[in-house]
Amino acid sequence: MRIRSHQLNIAAAWLLSCGFKLLFATLRIRFFCVDEAARPYSQADGQFFIYPIWHDSMAAPIFGGRQSSMVALVGTHTDGTYVSTILQSVGIGSVRGSSSRGGSQALRQLVADTRDLHLVLTPDGPRGPRRQLKPGLAFMASRTGKPIIPTAFASRHAWYLQGRWTDLMIPKPFSTLYGLAGEPIRVPPKASKEELERFTCQIQSAMDRLDELVRQVVSGQLDGETAIALAASSSAAEPADNTERIAA
């Protein structure tokens, strides 16, 4: 049953946030970065980035650490009210918008008002398909000038809550949550449509590779340092022109 009262929506979101905070306080959190300057929970030092997070992993970065210099792009749908309120409870601001409704206005606000902030967004939303990148991420990076930091999160012991088109990973109490942040991907200013398509493929590839590596860390096949070294080498081997991959 959907709660129609705005006040009850806000109260429910704050209660949910409190529950997540208590849960994440029991976790051991291990986060590894290719570029330490891009570590999302460190004090911002003048460099600002865009962090794409798959919808099914969104609880992990929200409650896995604290970052005051960050704003999120949140959908205009009703569920976005929950997300926006939860983000507020952990000190993350939000701009409401989506690729289908309010996206242009949200992008203008992001460019104008968040020059000295990190950006975080879920690039496979709000309707999916699951873990399939939309071109808006590369466009946003091109217009804001912020490098993209691909990410991946996993936990060996977790619940998965099934939604309409994706699930949500919730680590179980006292488990270990792992996160990886890859090599920065810089999209040139005023990139053409063809360039945005190439970069979208590159970002998708980087996100998929990080997901594969973090799952190997969770299973014990790799340690975090080795995984992040492999992520860096994969980025270095990324072809400059992905036209053939797009055509495929």
# chains A, B, ... in the order shown; residues from 1 in each chain; ligands from 1
$ residues_around --residues "Ile170 in chain A" --least-positions-apart "3" --cutoff "9 Å" --atoms "only C-alpha atoms" --output "PDB file with N, CA and C atoms, in the first residue's frame"
ATOM      1  N   PHE A  20      18.726   1.708   8.686  1.00  0.00           N
ATOM      2  CA  PHE A  20      19.921   1.457   7.888  1.00  0.00           C
ATOM      3  C   PHE A  20      21.182   1.904   8.627  1.00  0.00           C
ATOM      4  N   SER A  57      22.637  -1.225  -5.780  1.00  0.00           N
ATOM      5  CA  SER A  57      23.702  -1.042  -4.792  1.00  0.00           C
ATOM      6  C   SER A  57      23.578   0.269  -4.033  1.00  0.00           C
ATOM      7  N   ALA A  59      22.100   1.521  -1.467  1.00  0.00           N
ATOM      8  CA  ALA A  59      22.182   1.628  -0.003  1.00  0.00           C
ATOM      9  C   ALA A  59      23.630   1.633   0.476  1.00  0.00           C
ATOM     10  N   ALA A  60      24.507   0.923  -0.235  1.00  0.00           N
ATOM     11  CA  ALA A  60      25.895   0.772   0.208  1.00  0.00           C
ATOM     12  C   ALA A  60      26.629   2.112   0.302  1.00  0.00           C
ATOM     13  N   SER A 155      28.642  -7.669  -1.083  1.00  0.00           N
ATOM     14  CA  SER A 155      28.795  -8.275   0.236  1.00  0.00           C
ATOM     15  C   SER A 155      28.446  -9.754   0.118  1.00  0.00           C
ATOM     16  N   HIS A 157      27.377 -11.788   2.386  1.00  0.00           N
ATOM     17  CA  HIS A 157      26.151 -12.107   3.126  1.00  0.00           C
ATOM     18  C   HIS A 157      25.207 -10.916   3.034  1.00  0.00           C
ATOM     19  N   ALA A 158      24.156 -11.054   2.252  1.00  0.00           N
ATOM     20  CA  ALA A 158      23.248  -9.929   2.018  1.00  0.00           C
ATOM     21  C   ALA A 158      21.852 -10.432   1.696  1.00  0.00           C
ATOM     22  N   TRP A 159      20.885  -9.550   1.948  1.00  0.00           N
ATOM     23  CA  TRP A 159      19.529  -9.785   1.465  1.00  0.00           C
ATOM     24  C   TRP A 159      19.357  -9.030   0.148  1.00  0.00           C
ATOM     25  N   TYR A 160      18.428  -9.503  -0.680  1.00  0.00           N
ATOM     26  CA  TYR A 160      18.133  -8.836  -1.945  1.00  0.00           C
ATOM     27  C   TYR A 160      16.619  -8.645  -2.032  1.00  0.00           C
ATOM     28  N   LEU A 161      16.191  -7.394  -1.910  1.00  0.00           N
ATOM     29  CA  LEU A 161      14.773  -7.075  -1.956  1.00  0.00           C
ATOM     30  C   LEU A 161      14.365  -6.818  -3.396  1.00  0.00           C
TER      31      LEU A 161
END
$ select_by_dssp --residues "range 157-247 of chain A" --states "strand (DSSP E)" --output "list in words"
Ala158, Trp159, Tyr160, Leu161, Gln162, Asp167, Leu168, Met169, Ile170, Pro171, Thr176, Leu177, Tyr178, Gly179, Leu180 and Ala181 of chain A
$ residues_around --residues "Tyr41 in chain A" --least-positions-apart "5" --cutoff "8 Å" --atoms "only C-alpha atoms" --output "list in words"
Gly65, Arg66 and Gln67 of chain A
$ write_last_selection --atoms "C-alpha atoms" --output "PDB file, in the first residue's frame"
ATOM      1  CA  GLY A  65      30.423   6.619   4.810  1.00  0.00           C
ATOM      2  CA  ARG A  66      29.817  10.322   5.206  1.00  0.00           C
ATOM      3  CA  GLN A  67      30.513  12.995   2.600  1.00  0.00           C
TER       4      GLN A  67
END
$ closest_residue --among "A:Ile50, A:Ile149, A:Leu22, A:Met169" --to "Met207 in chain A" --atoms "only C-alpha atoms"
A:Ile149
$ closest_residue --among "A:Ser89, A:Gln7, A:Thr114, A:Thr151" --to "Ile228 in chain A" --atoms "only C-alpha atoms"
A:Thr151
